[in-house]
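Asker: See input-v3.pdb below, with PDB, C-alpha atoms.
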ATOM      1  CA  MET A  11       0.000   0.000   0.000
ATOM      2  CA  ARG A  12       1.415   3.412  -0.974
ATOM      3  CA  THR A  13       1.883   5.993   1.716
ATOM      4  CA  PRO A  14       0.895   9.662   1.281
ATOM      5  CA  ASP A  15       4.607  10.485   0.971
ATOM      6  CA  ASP A  16       4.974   8.037  -1.908
ATOM      7  CA  LEU A  17       1.938   9.441  -3.677
ATOM      8  CA  ALA A  18       3.207  12.984  -3.263
ATOM      9  CA  ARG A  19       6.550  12.033  -4.761
ATOM     10  CA  GLU A  20       4.932  10.245  -7.690
ATOM     11  CA  GLU A  21       2.822  13.323  -8.378
ATOM     12  CA  GLU A  22       5.895  15.517  -8.272
ATOM     13  CA  TYR A  23       7.872  13.299 -10.649
ATOM     14  CA  HIS A  24       5.102  12.836 -13.193
ATOM     15  CA  HIS A  25       5.372  16.563 -13.839
ATOM     16  CA  GLU A  26       9.062  16.358 -14.568
ATOM     17  CA  GLY A  27       8.603  14.129 -17.593
ATOM     18  CA  ILE A  28      10.731  11.224 -16.452
ATOM     19  CA  ASP A  29       9.832   7.867 -17.920
ATOM     20  CA  PHE A  30       9.019   5.648 -14.941
ATOM     21  CA  PRO A  31       8.500   2.057 -16.105
ATOM     22  CA  ASP A  32       5.464   0.409 -14.561
ATOM     23  CA  ARG A  33       6.874  -2.195 -12.185
ATOM     24  CA  PRO A  34       4.774  -4.101  -9.630
ATOM     25  CA  GLU A  35       6.317  -4.364  -6.182
ATOM     26  CA  GLY A  36       5.610  -8.104  -5.881
ATOM     27  CA  PRO A  37       8.944  -9.259  -7.399
ATOM     28  CA  VAL A  38      10.825  -7.004  -4.941
ATOM     29  CA  ALA A  39       8.955  -8.541  -2.003
ATOM     30  CA  ALA A  40       9.591 -12.032  -3.422
ATOM     31  CA  ALA A  41      13.335 -11.384  -3.665
ATOM     32  CA  VAL A  42      13.458  -9.975  -0.129
ATOM     33  CA  LEU A  43      11.542 -12.936   1.334
ATOM     34  CA  ALA A  44      13.663 -15.438  -0.584
ATOM     35  CA  GLY A  45      16.825 -13.782   0.762
ATOM     36  CA  GLY A  46      15.519 -14.338   4.282
ATOM     37  CA  ILE A  47      14.666 -17.954   3.488
ATOM     38  CA  GLY A  48      18.167 -18.562   2.095
ATOM     39  CA  CYS A  49      19.782 -17.142   5.239
ATOM     40  CA  LEU A  50      17.493 -19.203   7.475
ATOM     41  CA  ALA A  51      18.329 -22.332   5.465
ATOM     42  CA  LEU A  52      22.054 -21.858   6.103
ATOM     43  CA  GLY A  53      21.463 -21.373   9.836
ATOM     44  CA  VAL A  54      19.239 -24.461  10.083
ATOM     45  CA  LEU A  55      21.651 -26.620   8.071
ATOM     46  CA  THR A  56      24.595 -25.471  10.197
ATOM     47  CA  THR A  57      22.799 -26.266  13.452
ATOM     48  CA  VAL A  58      21.405 -29.618  12.302
ATOM     49  CA  ALA A  59      24.836 -30.606  10.972
ATOM     50  CA  ALA A  60      26.305 -29.849  14.398
ATOM     51  CA  ALA A  61      23.640 -31.956  16.080
ATOM     52  CA  SER A  62      23.882 -34.956  13.759
ATOM     53  CA  SER A  63      27.198 -36.409  12.675
ATOM     54  CA  SER A  64      25.515 -38.594  10.043
ATOM     55  CA  PHE A  65      23.855 -35.520   8.487
ATOM     56  CA  SER A  66      27.163 -33.682   8.680
ATOM     57  CA  ASP A  67      28.855 -36.574   6.870
ATOM     58  CA  TRP A  68      26.153 -36.521   4.196
ATOM     59  CA  LEU A  69      26.808 -32.814   3.683
ATOM     60  CA  SER A  70      30.446 -33.497   2.807
ATOM     61  CA  TRP A  71      29.757 -33.214  -0.899
ATOM     62  CA  ASP A  72      33.424 -32.433  -1.439
ATOM     63  CA  ASP A  73      36.102 -34.235   0.592
ATOM     64  CA  ASP A  74      38.467 -31.255   0.688
ATOM     65  CA  VAL A  75      35.860 -28.726   1.750
ATOM     66  CA  GLY A  76      33.946 -31.060   4.089
ATOM     67  CA  PRO A  77      30.395 -30.436   5.376
ATOM     68  CA  LEU A  78      30.636 -26.740   4.528
ATOM     69  CA  SER A  79      30.326 -27.707   0.847
ATOM     70  CA  GLY A  80      26.886 -29.270   1.324
ATOM     71  CA  LYS A  81      25.634 -26.670   3.799
ATOM     72  CA  THR A  82      26.400 -23.724   1.541
ATOM     73  CA  ALA A  83      25.381 -25.386  -1.723
ATOM     74  CA  LEU A  84      22.086 -26.566  -0.235
ATOM     75  CA  ALA A  85      21.370 -23.132   1.268
ATOM     76  CA  VAL A  86      21.970 -21.511  -2.124
ATOM     77  CA  ILE A  87      19.675 -24.070  -3.798
ATOM     78  CA  VAL A  88      16.926 -23.427  -1.217
ATOM     79  CA  TRP A  89      17.340 -19.676  -1.730
ATOM     80  CA  LEU A  90      17.153 -19.837  -5.536
ATOM     81  CA  VAL A  91      14.237 -22.280  -5.637
ATOM     82  CA  SER A  92      12.247 -20.253  -3.086
ATOM     83  CA  TRP A  93      13.014 -17.076  -5.053
ATOM     84  CA  ALA A  94      11.779 -18.646  -8.294
ATOM     85  CA  VAL A  95       8.575 -19.900  -6.653
ATOM     86  CA  LEU A  96       7.859 -16.618  -4.830
ATOM     87  CA  HIS A  97       8.621 -14.614  -7.979
ATOM     88  CA  VAL A  98       6.058 -16.580  -9.971
ATOM     89  CA  VAL A  99       3.485 -16.229  -7.189
ATOM     90  CA  TYR A 100       4.001 -12.510  -6.564
ATOM     91  CA  ARG A 101       5.202 -11.185  -9.935
ATOM     92  CA  ASN A 102       2.024  -9.227 -10.723
ATOM     93  CA  ARG A 103       0.909  -8.396  -7.211
ATOM     94  CA  PRO A 104       1.276  -4.999  -5.519
ATOM     95  CA  LEU A 105       2.709  -6.689  -2.433
ATOM     96  CA  GLU A 106       3.859  -4.506   0.457
ATOM     97  CA  THR A 107       7.666  -4.525   0.646
ATOM     98  CA  ARG A 108       7.760  -3.334   4.250
ATOM     99  CA  ARG A 109       5.952  -6.440   5.481
ATOM    100  CA  ALA A 110       8.273  -8.633   3.423
ATOM    101  CA  LEU A 111      11.266  -6.853   4.923
ATOM    102  CA  VAL A 112      10.060  -7.413   8.498
ATOM    103  CA  ILE A 113       9.552 -11.133   7.829
ATOM    104  CA  ALA A 114      12.907 -11.353   6.037
ATOM    105  CA  LEU A 115      14.734  -9.618   8.894
ATOM    106  CA  VAL A 116      13.349 -12.179  11.350
ATOM    107  CA  LEU A 117      14.471 -15.002   9.031
ATOM    108  CA  VAL A 118      17.927 -13.420   8.576
ATOM    109  CA  ALA A 119      18.289 -13.006  12.346
ATOM    110  CA  LEU A 120      17.393 -16.677  12.893
ATOM    111  CA  GLY A 121      19.772 -17.678  10.113
ATOM    112  CA  ALA A 122      22.594 -15.624  11.624
ATOM    113  CA  LEU A 123      21.855 -17.178  15.026
ATOM    114  CA  GLY A 124      22.114 -20.634  13.476
ATOM    115  CA  THR A 125      25.594 -19.828  12.154
ATOM    116  CA  PHE A 126      26.773 -18.496  15.537
ATOM    117  CA  PRO A 127      29.193 -21.069  17.039
ATOM    118  CA  THR A 128      28.085 -20.669  20.658
ATOM    119  CA  PHE A 129      24.537 -21.472  19.509
ATOM    120  CA  PHE A 130      25.063 -24.388  17.134
ATOM    121  CA  GLN A 131      27.817 -25.968  19.225
ATOM    122  CA  ALA A 132      25.294 -26.243  22.077
ATOM    123  CA  PHE A 133      23.539 -28.865  19.932
ATOM    124  CA  ALA A 134      26.752 -30.707  19.090
ATOM    125  CA  ALA A 135      26.562 -34.493  19.157
ATOM    126  CA  ASP A 136      29.116 -35.877  21.626
TER     127      ASP A 136
ATOM    128  CA  MET B   7      60.421 -11.452  -2.879
ATOM    129  CA  HIS B   8      57.624 -13.644  -4.117
ATOM    130  CA  PHE B   9      54.281 -15.178  -3.156
ATOM    131  CA  THR B  10      53.428 -18.853  -3.242
ATOM    132  CA  ASP B  11      50.360 -19.988  -5.186
ATOM    133  CA  ARG B  12      48.457 -20.304  -1.909
ATOM    134  CA  GLU B  13      49.438 -16.813  -0.848
ATOM    135  CA  TRP B  14      48.266 -15.472  -4.210
ATOM    136  CA  TRP B  15      44.857 -17.094  -3.699
ATOM    137  CA  THR B  16      44.530 -15.746  -0.164
ATOM    138  CA  LEU B  17      45.350 -12.310  -1.577
ATOM    139  CA  ILE B  18      42.751 -12.667  -4.336
ATOM    140  CA  HIS B  19      40.200 -13.921  -1.797
ATOM    141  CA  GLY B  20      40.785 -11.305   0.882
ATOM    142  CA  MET B  21      42.369  -8.267  -0.706
ATOM    143  CA  GLY B  22      41.212  -8.574  -4.317
ATOM    144  CA  PHE B  23      37.546  -9.378  -3.931
ATOM    145  CA  GLY B  24      37.525  -7.878  -0.428
ATOM    146  CA  ALA B  25      38.778  -4.480  -1.580
ATOM    147  CA  LEU B  26      36.393  -4.502  -4.537
ATOM    148  CA  PHE B  27      33.557  -5.334  -2.162
ATOM    149  CA  LEU B  28      34.438  -2.411   0.145
ATOM    150  CA  LEU B  29      34.740   0.021  -2.721
ATOM    151  CA  ALA B  30      31.455  -1.080  -4.286
ATOM    152  CA  PHE B  31      29.688  -0.929  -0.932
ATOM    153  CA  ALA B  32      30.787   2.637  -0.272
ATOM    154  CA  GLY B  33      29.687   3.795  -3.704
ATOM    155  CA  GLY B  34      26.434   1.846  -3.630
ATOM    156  CA  LEU B  35      25.467   3.050  -0.173
ATOM    157  CA  ALA B  36      26.129   6.676  -1.083
ATOM    158  CA  GLY B  37      24.069   6.222  -4.238
ATOM    159  CA  LEU B  38      21.127   4.602  -2.445
ATOM    160  CA  TYR B  39      21.167   7.088   0.427
ATOM    161  CA  SER B  40      21.205  10.143  -1.790
ATOM    162  CA  LEU B  41      18.512   8.907  -4.169
ATOM    163  CA  ARG B  42      15.946  11.456  -2.999
ATOM    164  CA  PRO B  43      13.651  13.650  -5.071
ATOM    165  CA  ALA B  44      14.946  16.878  -3.559
ATOM    166  CA  TRP B  45      18.582  16.027  -4.238
ATOM    167  CA  VAL B  46      18.544  14.762  -7.806
ATOM    168  CA  THR B  47      17.563  16.436 -11.053
ATOM    169  CA  PRO B  48      15.806  14.387 -13.776
ATOM    170  CA  ALA B  49      18.978  14.401 -15.884
ATOM    171  CA  GLY B  50      21.097  13.487 -12.865
ATOM    172  CA  LEU B  51      18.769  10.641 -11.984
ATOM    173  CA  GLN B  52      19.492   8.744 -15.204
ATOM    174  CA  GLU B  53      23.236   9.079 -14.746
ATOM    175  CA  ARG B  54      23.081   8.197 -11.056
ATOM    176  CA  MET B  55      21.014   5.080 -11.685
ATOM    177  CA  ARG B  56      23.626   3.725 -14.090
ATOM    178  CA  ARG B  57      26.344   4.216 -11.466
ATOM    179  CA  LEU B  58      24.177   2.727  -8.740
ATOM    180  CA  LYS B  59      23.454  -0.382 -10.800
ATOM    181  CA  VAL B  60      27.177  -0.858 -11.489
ATOM    182  CA  GLY B  61      27.951  -0.395  -7.777
ATOM    183  CA  VAL B  62      25.424  -2.880  -6.371
ATOM    184  CA  VAL B  63      26.041  -5.510  -9.054
ATOM    185  CA  THR B  64      29.800  -5.194  -8.491
ATOM    186  CA  MET B  65      29.299  -5.661  -4.757
ATOM    187  CA  ALA B  66      27.220  -8.791  -5.319
ATOM    188  CA  VAL B  67      29.774 -10.238  -7.757
ATOM    189  CA  ALA B  68      32.634  -9.420  -5.364
ATOM    190  CA  ALA B  69      30.753 -11.055  -2.478
ATOM    191  CA  TRP B  70      30.208 -14.234  -4.492
ATOM    192  CA  GLY B  71      33.845 -14.185  -5.615
ATOM    193  CA  THR B  72      34.985 -13.874  -2.021
ATOM    194  CA  VAL B  73      32.942 -16.762  -0.613
ATOM    195  CA  ILE B  74      33.510 -19.088  -3.576
ATOM    196  CA  THR B  75      37.303 -18.646  -3.590
ATOM    197  CA  GLY B  76      37.343 -18.746   0.201
ATOM    198  CA  THR B  77      35.295 -21.929   0.561
ATOM    199  CA  TRP B  78      36.426 -23.917  -2.456
ATOM    200  CA  ILE B  79      40.069 -22.859  -2.842
ATOM    201  CA  VAL B  80      41.506 -21.422   0.396
ATOM    202  CA  TYR B  81      39.485 -23.297   3.032
ATOM    203  CA  PRO B  82      40.715 -26.807   2.041
ATOM    204  CA  TRP B  83      44.291 -25.648   2.709
ATOM    205  CA  TYR B  84      43.212 -24.256   6.070
ATOM    206  CA  ARG B  85      41.494 -27.490   7.191
ATOM    207  CA  ASP B  86      44.075 -29.908   5.804
ATOM    208  CA  PRO B  87      44.544 -32.741   8.344
ATOM    209  CA  ALA B  88      48.342 -32.313   8.174
ATOM    210  CA  PRO B  89      49.870 -31.256  11.529
ATOM    211  CA  ASP B  90      51.242 -28.016  10.073
ATOM    212  CA  SER B  91      47.969 -26.769   8.559
ATOM    213  CA  PRO B  92      46.538 -23.580  10.136
ATOM    214  CA  ARG B  93      43.607 -25.488  11.666
ATOM    215  CA  SER B  94      45.870 -28.136  13.188
ATOM    216  CA  LEU B  95      48.226 -25.511  14.571
ATOM    217  CA  LEU B  96      45.398 -23.490  16.133
ATOM    218  CA  LEU B  97      43.796 -26.549  17.745
ATOM    219  CA  ALA B  98      47.128 -27.817  19.064
ATOM    220  CA  ASP B  99      47.399 -24.932  21.508
ATOM    221  CA  GLU B 100      44.773 -24.059  24.126
ATOM    222  CA  ALA B 101      45.714 -20.405  23.770
ATOM    223  CA  THR B 102      44.763 -20.374  20.098
ATOM    224  CA  GLU B 103      42.039 -23.017  19.716
ATOM    225  CA  ASP B 104      39.238 -20.446  20.048
ATOM    226  CA  TRP B 105      40.456 -18.831  16.841
ATOM    227  CA  HIS B 106      39.219 -21.979  15.152
ATOM    228  CA  GLU B 107      36.366 -23.062  17.437
ATOM    229  CA  PHE B 108      34.747 -19.642  17.440
ATOM    230  CA  GLY B 109      36.422 -17.385  14.863
ATOM    231  CA  MET B 110      36.764 -19.717  11.906
ATOM    232  CA  GLU B 111      33.544 -21.605  12.641
ATOM    233  CA  TRP B 112      31.589 -18.346  12.577
ATOM    234  CA  LYS B 113      33.455 -16.831   9.647
ATOM    235  CA  GLU B 114      33.075 -19.794   7.306
ATOM    236  CA  HIS B 115      29.289 -19.851   7.766
ATOM    237  CA  VAL B 116      28.212 -16.242   8.273
ATOM    238  CA  ALA B 117      30.166 -15.083   5.210
ATOM    239  CA  TRP B 118      27.634 -16.832   2.964
ATOM    240  CA  LEU B 119      24.793 -14.603   4.157
ATOM    241  CA  SER B 120      26.506 -11.618   2.556
ATOM    242  CA  PRO B 121      26.291 -12.547  -1.169
ATOM    243  CA  ILE B 122      22.702 -13.711  -0.792
ATOM    244  CA  LEU B 123      21.622 -10.336   0.588
ATOM    245  CA  ALA B 124      23.857  -8.383  -1.809
ATOM    246  CA  THR B 125      22.215 -10.201  -4.721
ATOM    247  CA  VAL B 126      18.756  -9.320  -3.416
ATOM    248  CA  VAL B 127      19.767  -5.634  -3.324
ATOM    249  CA  ALA B 128      21.274  -5.833  -6.813
ATOM    250  CA  PHE B 129      18.018  -7.331  -8.073
ATOM    251  CA  ILE B 130      15.942  -4.598  -6.413
ATOM    252  CA  VAL B 131      18.043  -1.817  -7.946
ATOM    253  CA  VAL B 132      18.248  -3.341 -11.427
ATOM    254  CA  TYR B 133      14.562  -4.340 -11.503
ATOM    255  CA  TYR B 134      13.065  -1.242  -9.934
ATOM    256  CA  GLY B 135      15.468   1.253 -11.492
ATOM    257  CA  VAL B 136      14.382   4.879 -11.389
ATOM    258  CA  ASN B 137      11.212   3.889  -9.512
ATOM    259  CA  LEU B 138      13.383   3.678  -6.395
ATOM    260  CA  ILE B 139      13.293   7.454  -6.060
ATOM    261  CA  ARG B 140       9.487   7.400  -5.917
ATOM    262  CA  HIS B 141       9.103   4.581  -3.423
ATOM    263  CA  GLU B 142      10.803   5.427  -0.168
ATOM    264  CA  ARG B 143      10.059   2.075   1.482
ATOM    265  CA  VAL B 144      11.674   0.072  -1.320
ATOM    266  CA  ARG B 145      14.762   2.295  -1.216
ATOM    267  CA  ARG B 146      14.957   1.897   2.559
ATOM    268  CA  THR B 147      14.500  -1.859   2.256
ATOM    269  CA  ALA B 148      17.440  -1.959  -0.147
ATOM    270  CA  ILE B 149      19.581   0.114   2.234
ATOM    271  CA  VAL B 150      18.787  -2.123   5.238
ATOM    272  CA  LEU B 151      19.659  -5.307   3.339
ATOM    273  CA  TYR B 152      22.745  -3.674   1.838
ATOM    274  CA  VAL B 153      24.100  -2.698   5.257
ATOM    275  CA  LEU B 154      23.277  -6.158   6.651
ATOM    276  CA  SER B 155      25.137  -7.793   3.785
ATOM    277  CA  PHE B 156      28.135  -5.588   4.505
ATOM    278  CA  SER B 157      27.958  -6.281   8.255
ATOM    279  CA  PHE B 158      28.133 -10.045   7.761
ATOM    280  CA  ALA B 159      31.060  -9.575   5.410
ATOM    281  CA  VAL B 160      32.839  -7.420   8.005
ATOM    282  CA  VAL B 161      32.539 -10.204  10.611
ATOM    283  CA  ALA B 162      33.913 -12.750   8.164
ATOM    284  CA  GLY B 163      36.633 -10.427   6.883
ATOM    285  CA  ALA B 164      37.790  -9.388  10.331
ATOM    286  CA  PHE B 165      38.111 -12.973  11.564
ATOM    287  CA  GLY B 166      39.814 -13.900   8.318
ATOM    288  CA  ALA B 167      42.418 -11.190   8.852
ATOM    289  CA  PHE B 168      42.956 -12.109  12.524
ATOM    290  CA  ILE B 169      43.265 -15.839  11.836
ATOM    291  CA  THR B 170      45.676 -15.189   8.991
ATOM    292  CA  LYS B 171      47.857 -13.243  11.421
ATOM    293  CA  VAL B 172      47.832 -16.076  13.989
ATOM    294  CA  ALA B 173      48.105 -19.011  11.569
ATOM    295  CA  PRO B 174      48.765 -17.995   7.960
ATOM    296  CA  ILE B 175      48.288 -20.243   4.960
ATOM    297  CA  ILE B 176      51.726 -20.643   3.405
TER     298      ILE B 176
END
Just give me the structure of the file as structure tokens.
Answerer:
Amino acid sequence: MRTPDDLAREEEYHHEGIDFPDRPEGPVAAAVLAGGIGCLALGVLTTVAAASSSFSDWLSWDDDVGPLSGKTALAVIVWLVSWAVLHVVYRNRPLETRRALVIALVLVALGALGTFPTFFQAFAAD
Amino acid sequence: MHFTDREWWTLIHGMGFGALFLLAFAGGLAGLYSLRPAWVTPAGLQERMRRLKVGVVTMAVAAWGTVITGTWIVYPWYRDPAPDSPRSLLLADEATEDWHEFGMEWKEHVAWLSPILATVVAFIVVYYGVNLIRHERVRRTAIVLYVLSFSFAVVAGAFGAFITKVAPII
């Protein structure tokens, strides 16, 4: 939903003859949400890998890099797939970016927490 | 006076992509912050948008370059099971083991949040273009994510620099 400030600015700029392409806000919200999902995925994978040695072993997609290879590759895959899905769903919708940002910030915070050693090492399998 | 292949890669990872990342961030942030109707003329807006797009895309590319070279090229040398690898040396001494257990463990994971968020910002700027100046909330969203991306990179970069001082890859 556009705020009065936004509307005032649009009015002002229409008079200046600038060509503003018509772009729905949905794809922006989709990208923001997907970014949050990607960050959360990395945090969850990091914590679960610490808790389960068998999962950690499975994540060793590359022997030299170890479990980090699977964690990061899988997080990137989750991010890109969620972005593609959300983009298709929201591409023509006037979705509110502010709400998407709030949700994404929560997801990013949880993702960052999951990558914090003091946190994920608390779940470490002995 | 020469560098080994490994030293060259650590330089490319940290100082090459890292410096590019810093430079692009500074330019991109200034561009996003100053993208306000009262501060930009219509003619200036077109020129500024081109620079802004170059800045944010460069930052995203530099962030990806940093984590990919770091994880897939430099990190295997760090975690080599040999007794003289940086990881082995850090863990062999109680006084230095936290550099691995906390510093490296955090750095190697949190660094990957940076390119994801930088790419989201690059998409917003490229997709929305000049509309950014009309929609304050989208511009602010881009700034918040841009600063977050940079903050995660700072954590990773700082620990990378400290760990390299304590146990360099040679």
Asker: Give as a ChimeraX atom specification the residues that the PyMOL selection byres ((chain B and resi 143) around 10) matches when applied to the coordinates above.
Answerer: /A:12-13,16,106-108,111 /B:138-142,144-149
Asker: Could you spell out the hits of the PyMOL selection byres ((chain B and resi 151-167) around 7) on the shown file, as a PyMOL selection string?
Answerer: chain B and resi 109-110+113+116-117+119-121+123-124+127+147-150+168-171
Asker: Considering all atoms listed in the file, return as a CSV table (one decimal) with C-alpha atoms, in the coordinates of the input whatever protein or nucleic-acid residues lie within 10 Å of Val99 (chain A), sequence-local ones (same chain, fewer than 5 positions apart) excluded.
Answerer:
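Just written: selection23.csv:
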chain,number,residue,atom,x,y,z
A,36,GLY,CA,5.6,-8.1,-5.9
A,37,PRO,CA,8.9,-9.3,-7.4
A,40,ALA,CA,9.6,-12.0,-3.4
A,93,TRP,CA,13.0,-17.1,-5.1
A,94,ALA,CA,11.8,-18.6,-8.3
Asker: Record the distance separating CA of Trp83 (chain B) and CA of Val75 (chain A), expressed in Å with one decimal.
Answerer: 9.0 Å
Asker: I'd like the interatomic distance between CA of Pro82 (chain B) and CA of Val172 (chain B), to a tenth of an Å.
Answerer: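 Between these atoms lies a distance of 17.6 Å.
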Asker: With the file shown as input, list the residues that the ChimeraX specification (/B :<7) & /A selects, as a PyMOL selection string.
Answerer: chain A and resi 16+19-20+28+30+33+38+41-42+45+49+74-75+107-108+111+122+125-127
Asker: One decimal, Å: what's the distance from CA of Leu58 (chain B) over to CA of Gly37 (chain B), could you say?
Answerer: 5.7 Å
Asker: Do a neighbour search on Thr72 (chain B) at 8 Å with only C-alpha atoms, toss out local chain neighbours closer than 3 positions, and write the hits as a list in words.
Answerer: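 Non-adjacent residues within range: His19, Gly20, Phe23, Gly24, Ala68, Ala69, Thr75 and Gly76 of chain B.
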Asker: Would you compute the box with edges along x, y and z of the file around region 50-60 of chain B, including every atom the file lists for it and 6 Å extra on each side, and give its centre and edge lengths in Å to one decimal, as JSON?
Answerer:
{"center_x": 23.0, "center_y": 6.3, "center_z": -12.0, "size_x": 20.4, "size_y": 26.3, "size_z": 18.5}
Asker: Using only C-alpha atoms, pick whichever of B:Pro92, B:Gly61, B:Gly50, B:Pro174 has the shortest atom-to-atom distance to Leu28 (chain B).
Answerer: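 Among the listed residues, B:Gly61 lies closest to Leu28 (chain B).
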Asker: Excluding Arg103 (chain A) and its own-chain neighbours fewer than 2 positions away, which residues fall within 7 Å of it when counting only C-alpha atoms? Please give them as a VMD selection string.
Answerer: chain A and resid 34 to 36 100 to 101 105
Asker: Output as a short mmCIF file (atom, residue, chain, number, x, y, z; two decimals), keeping the file's coordinate frame: region 84-95 of chain A, completed with N, CA and C atoms.
Answerer:
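Listing of part_25.cif after writing:
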data_model
loop_
_atom_site.label_atom_id
_atom_site.label_comp_id
_atom_site.auth_asym_id
_atom_site.auth_seq_id
_atom_site.Cartn_x
_atom_site.Cartn_y
_atom_site.Cartn_z
N LEU A 84 23.50 -26.31 -0.48
CA LEU A 84 22.09 -26.57 -0.24
C LEU A 84 21.35 -25.27 0.12
N ALA A 85 22.00 -24.42 0.91
CA ALA A 85 21.37 -23.13 1.27
C ALA A 85 21.14 -22.28 0.02
N VAL A 86 22.12 -22.29 -0.88
CA VAL A 86 21.97 -21.51 -2.12
C VAL A 86 20.85 -22.10 -2.98
N ILE A 87 20.76 -23.43 -3.02
CA ILE A 87 19.68 -24.07 -3.80
C ILE A 87 18.32 -23.70 -3.21
N VAL A 88 18.19 -23.78 -1.88
CA VAL A 88 16.93 -23.43 -1.22
C VAL A 88 16.56 -21.97 -1.53
N TRP A 89 17.56 -21.11 -1.45
CA TRP A 89 17.34 -19.68 -1.73
C TRP A 89 16.83 -19.46 -3.16
N LEU A 90 17.52 -20.06 -4.13
CA LEU A 90 17.15 -19.84 -5.54
C LEU A 90 15.79 -20.46 -5.88
N VAL A 91 15.53 -21.64 -5.35
CA VAL A 91 14.24 -22.28 -5.64
C VAL A 91 13.10 -21.47 -5.01
N SER A 92 13.31 -21.03 -3.75
CA SER A 92 12.25 -20.25 -3.09
C SER A 92 12.04 -18.92 -3.81
N TRP A 93 13.12 -18.34 -4.30
CA TRP A 93 13.01 -17.08 -5.05
C TRP A 93 12.20 -17.28 -6.33
N ALA A 94 12.51 -18.37 -7.05
CA ALA A 94 11.78 -18.65 -8.29
C ALA A 94 10.29 -18.85 -8.02
N VAL A 95 9.98 -19.62 -6.98
CA VAL A 95 8.57 -19.90 -6.65
C VAL A 95 7.86 -18.61 -6.23
#
